[in-house]
Amino acid sequence: MPDNNNKINNVLCFVAAVVVGSLLLLLIPDFKLGRFEFKKVDVFADIRKNKNIADADSADILLKPEVVDACKSGMVCFEDFSASHNALNRFYDALLSKKQVKIAYFGDSFIEGDLLTGSLRYLFQEKYGGNGVGFVPINCITAGFRTTVLTSANGWDEYCLTDKVFDRNKQGISGYYFIPKINSTATFSSRLDYGKQTDTCTEASFYFITNGNLKFTTAINRQKQEQHTAIGSPDIQKVSVFGNIGHIKITIDNPGINTVFFGVTLDDKDKGIIVDNYSLRGVSGETLKSVPEKTLQDFDKLRSYDLIILQYGLNVATKTGNKYDYYKKRMANVINYLQKNLPNSDLLLVSVGDRDEKLNGEMTTMQGVKNLLVTQQAIAAECGIAFWNLIDVMALDGGMAEYVKSKPPKANLDYTHINKRGGELIALHLFETIEYEKEKYLENQKRKH
């Protein structure tokens with residue numbers, strides 16, 4: 001006769017072993033071994049309730065501006081948190097005046113290499129005129145893959161704020177500064193990747209600060225040469241050359257005393273739209289507050305922006321990040337700092353883009369990214385500026401998962417970074433939103449008069 005007690009004991013031992021083994025799997029982190037990749041096992045995934053924004057505390061719910069304008073279908077409009085509902089009015093006035101309009105777009109690796117901004121510049125210049133790619137550092141880590149301008153530099157001491165050795169007192173608006181030597185050279189050549197608007201420009205301007213005796217030579221299109229001498233000044237100086245410029249070279253004849261260069265701007269003189277790309281990988285946006293006030297004020301005098309766009313977050317968000325109060329406080333300080341030192345500029349805060357992880361077998365937006373979105377909107381509300389929900393914008397086209405899956409793809413397999421095609425799509429959404437909001441502003445102005 002079979003021993004039922006032994007069978008029951010065997011079953012209980014087997015079940016216990018399975019339970020213990022499953023719990024032990026929770027302790028094993030993600031790891032890779034050659035081509036083999038192990039993802040941490042979540043044995044409670046099917047019974048755990050996934051937290052989303054709707055489950056969050058009331059403090060973590062997306063806000064609504066006091067005045068909400070109607071937005072047409074298929075578009076994500078700006079949210080205006082200014083007291084008088086006029087966060088971008090100066091910018092719209094500038095566009096409507098048909099004068100030269102300057103836009104500064106600050107961001108992290110999401111816009112690196114002129115991704116997104118290159119397409120945005122093309123769309124603006126196609127409608128409103130203007131040539132050139134705007135501000136370019138003397139050299140930068142994206143020089144090899146930026147599709148809108150080809151650059152090379154030799155003989156400079158280069159410093160980036162992400163370097164271990166960096167003097168914040170010399171920090172330029174782009175996060176770089178460059179110290180020249182005798183015979184240091186830098187060249188900048190137009191590229192046709194975004195159309196004829198980037199083919200040439202009519203004004204190339206170099207920005208620097210020196211205590212004097214600086215001498216350098218510029219050469220346009222490898223032919224027309226011009227020598228320049230700069231006397232000492234506590235202010236940032238700008239030296240411009242003019243012509244039908246497709247290629248510009250600078251050669252340092254005498255580096256002068258305590259000379260620091262920041263970069264060059266390639267524009268059309270006094271007309272069209274300028275879009276400057278200030279991208280820097282690995283930053284959260286907080287380092288903008290370390291740009292010296294005098295430097296910002298000098299740039300405001302030499303190159304006053306009608307619109308400043310801020311887009312950060314990739315280096316802040318974590319998978320399960322819940323509270324970003326520390327970031328809210330710091331970025332609010334950054335925005336207040338920019339408003340103080342660049343008082344003629346309207347500000348638009350663009351949220352972090354969609355970033356996905358696999359959950360229950362499907363790619364979905366990380367919860368920590370959703371929570372950061374809420375925080376960034378709260379920053380815009382606190383500072384009284386305009387806000388654009390980029391996660392909702394990307395959702396119009398299926399979100400990051402669809403960006404990656406589309407043929408050809410619009411984003412990389414890290415489910416974090418867009419590629420050129422993704423940048424073109426987001427730039428089109430942004431341009432169309434600006435045009436739509438501008439026309440609504442114009443209609444409101446006509447009704448008032």
# chains A, B, ... in the order shown; residues from 1 in each chain; ligands from 1
$ residues_around --residues "A:Asn333" --least-positions-apart "5" --cutoff "12 Å" --atoms "only C-alpha atoms" --output "PyMOL selection string"
chain A and resi 285-290+326-328+338-340+379-380+382-383
$ residues_around --residues "stretch 125-140 of chain A" --least-positions-apart "3" --cutoff "8 Å" --atoms "only C-alpha atoms" --output "count of residues only"
38
$ atom_distance --atom1 "atom CA of A:Thr259" --atom2 "atom CA of A:Asn341"
23.4 Å
$ closest_residue --among "A:Thr295, A:Asn371, A:Ser109, A:Ser279" --to "A:Ala317" --atoms "only C-alpha atoms"
A:Asn371
$ closest_residue --among "A:Leu63, A:Arg281, A:Lys249, A:Leu123" --to "A:Gln376" --atoms "only C-alpha atoms"
A:Leu63
$ residues_around --residues "A:Leu372" --least-positions-apart "4" --cutoff "12 Å" --atoms "only C-alpha atoms" --output "number ranges by chain"
A: 53, 60-62, 312-328, 350-355, 365-368, 376-379, 389-391
$ select_by_dssp --residues "stretch 224-386 of chain A" --states "helix (DSSP H, G or I)" --output "JSON, numbers by chain"
{"A": [286, 287, 288, 289, 290, 293, 294, 295, 296, 297, 298, 299, 300, 301, 302, 325, 326, 327, 328, 329, 330, 331, 332, 333, 334, 335, 336, 337, 338, 339, 340, 341, 367, 368, 369, 370, 371, 372, 373, 374, 375, 376, 377, 378, 379, 380, 381, 382, 383]}
$ closest_residue --among "A:Thr187, A:Ser233, A:Ser284, A:Ser345" --to "A:Ile308" --atoms "only C-alpha atoms"
A:Ser345
$ atom_distance --atom1 "atom CA of A:Ile250" --atom2 "atom CA of A:Leu161"
23.9 Å
$ closest_residue --among "A:Gln100, A:Trp156, A:Thr229, A:Val67" --to "A:Lys269" --atoms "only C-alpha atoms"
A:Gln100
$ closest_residue --among "A:Ser406, A:Gln445, A:Gln311, A:Gln297" --to "A:Val283" --atoms "only C-alpha atoms"
A:Gln311
$ atom_distance --atom1 "atom CA of A:Ala70" --atom2 "atom CA of A:Lys440"
9.7 Å
$ decode --residues "stretch 104-187 of chain A" --atoms "C-alpha atoms" --output "compact mmCIF listing (two decimals), in the first residue's frame"
# COMPACT_ATOMS: atom_id res chain seq x y z
CA ALA A 104 18.12 79.66 -28.42
CA TYR A 105 17.41 75.95 -27.87
CA PHE A 106 19.15 74.51 -24.80
CA GLY A 107 19.15 70.77 -24.18
CA ASP A 108 20.99 67.53 -23.54
CA SER A 109 21.86 64.63 -25.86
CA PHE A 110 18.24 64.52 -27.13
CA ILE A 111 19.11 67.47 -29.45
CA GLU A 112 22.84 66.78 -29.80
CA GLY A 113 24.36 67.18 -33.24
CA ASP A 114 21.56 69.57 -34.27
CA LEU A 115 18.95 66.80 -34.07
CA LEU A 116 15.49 68.39 -33.96
CA THR A 117 16.94 71.93 -34.02
CA GLY A 118 18.32 71.45 -37.55
CA SER A 119 14.85 70.57 -38.83
CA LEU A 120 13.23 73.34 -36.78
CA ARG A 121 15.68 75.87 -38.22
CA TYR A 122 14.97 74.66 -41.75
CA LEU A 123 11.20 75.01 -41.28
CA PHE A 124 11.52 78.52 -39.86
CA GLN A 125 13.97 79.72 -42.51
CA GLU A 126 11.90 78.19 -45.30
CA LYS A 127 8.92 80.32 -44.25
CA TYR A 128 10.52 83.44 -42.77
CA GLY A 129 13.89 83.58 -44.53
CA GLY A 130 17.43 83.54 -43.25
CA ASN A 131 20.50 81.40 -43.84
CA GLY A 132 23.17 79.80 -41.70
CA VAL A 133 23.25 77.45 -38.72
CA GLY A 134 23.63 79.97 -35.91
CA PHE A 135 26.01 79.48 -33.00
CA VAL A 136 28.80 76.89 -33.27
CA PRO A 137 31.48 76.33 -30.58
CA ILE A 138 35.10 76.53 -31.74
CA ASN A 139 35.09 72.75 -31.37
CA CYS A 140 32.85 70.18 -29.67
CA ILE A 141 32.36 66.44 -29.28
CA THR A 142 29.57 66.43 -31.88
CA ALA A 143 31.81 67.88 -34.61
CA GLY A 144 32.06 64.49 -36.31
CA PHE A 145 28.35 63.86 -36.74
CA ARG A 146 26.64 67.24 -36.79
CA THR A 147 24.93 67.25 -40.18
CA THR A 148 24.46 71.01 -40.56
CA VAL A 149 28.05 72.27 -40.32
CA LEU A 150 31.50 70.73 -40.71
CA THR A 151 34.09 71.97 -38.21
CA SER A 152 37.72 71.34 -37.30
CA ALA A 153 40.05 72.97 -34.78
CA ASN A 154 43.76 72.69 -34.06
CA GLY A 155 46.01 74.14 -31.38
CA TRP A 156 43.38 75.24 -28.85
CA ASP A 157 43.09 74.37 -25.19
CA GLU A 158 39.47 73.18 -25.03
CA TYR A 159 37.30 73.07 -21.90
CA CYS A 160 33.80 71.70 -21.39
CA LEU A 161 31.84 71.96 -18.15
CA THR A 162 31.68 68.15 -17.93
CA ASP A 163 35.51 68.00 -17.82
CA LYS A 164 37.31 67.43 -14.53
CA VAL A 165 39.32 70.61 -15.06
CA PHE A 166 37.01 73.53 -15.82
CA ASP A 167 36.95 77.16 -14.69
CA ARG A 168 33.32 78.17 -14.11
CA ASN A 169 34.36 81.84 -14.22
CA LYS A 170 35.19 81.38 -17.92
CA GLN A 171 32.15 79.30 -18.82
CA GLY A 172 30.47 80.35 -22.04
CA ILE A 173 26.77 80.22 -22.74
CA SER A 174 27.27 76.91 -24.57
CA GLY A 175 29.13 75.28 -21.66
CA TYR A 176 32.47 75.51 -23.49
CA TYR A 177 35.40 77.88 -23.62
CA PHE A 178 38.61 77.81 -25.68
CA ILE A 179 42.04 79.31 -25.05
CA PRO A 180 44.05 80.05 -28.21
CA LYS A 181 47.76 79.72 -28.91
CA ILE A 182 49.90 81.17 -31.69
CA ASN A 183 48.79 79.60 -35.00
CA SER A 184 45.66 78.02 -33.53
CA THR A 185 43.14 77.50 -36.33
CA ALA A 186 39.46 76.64 -36.68
CA THR A 187 37.38 76.13 -39.81
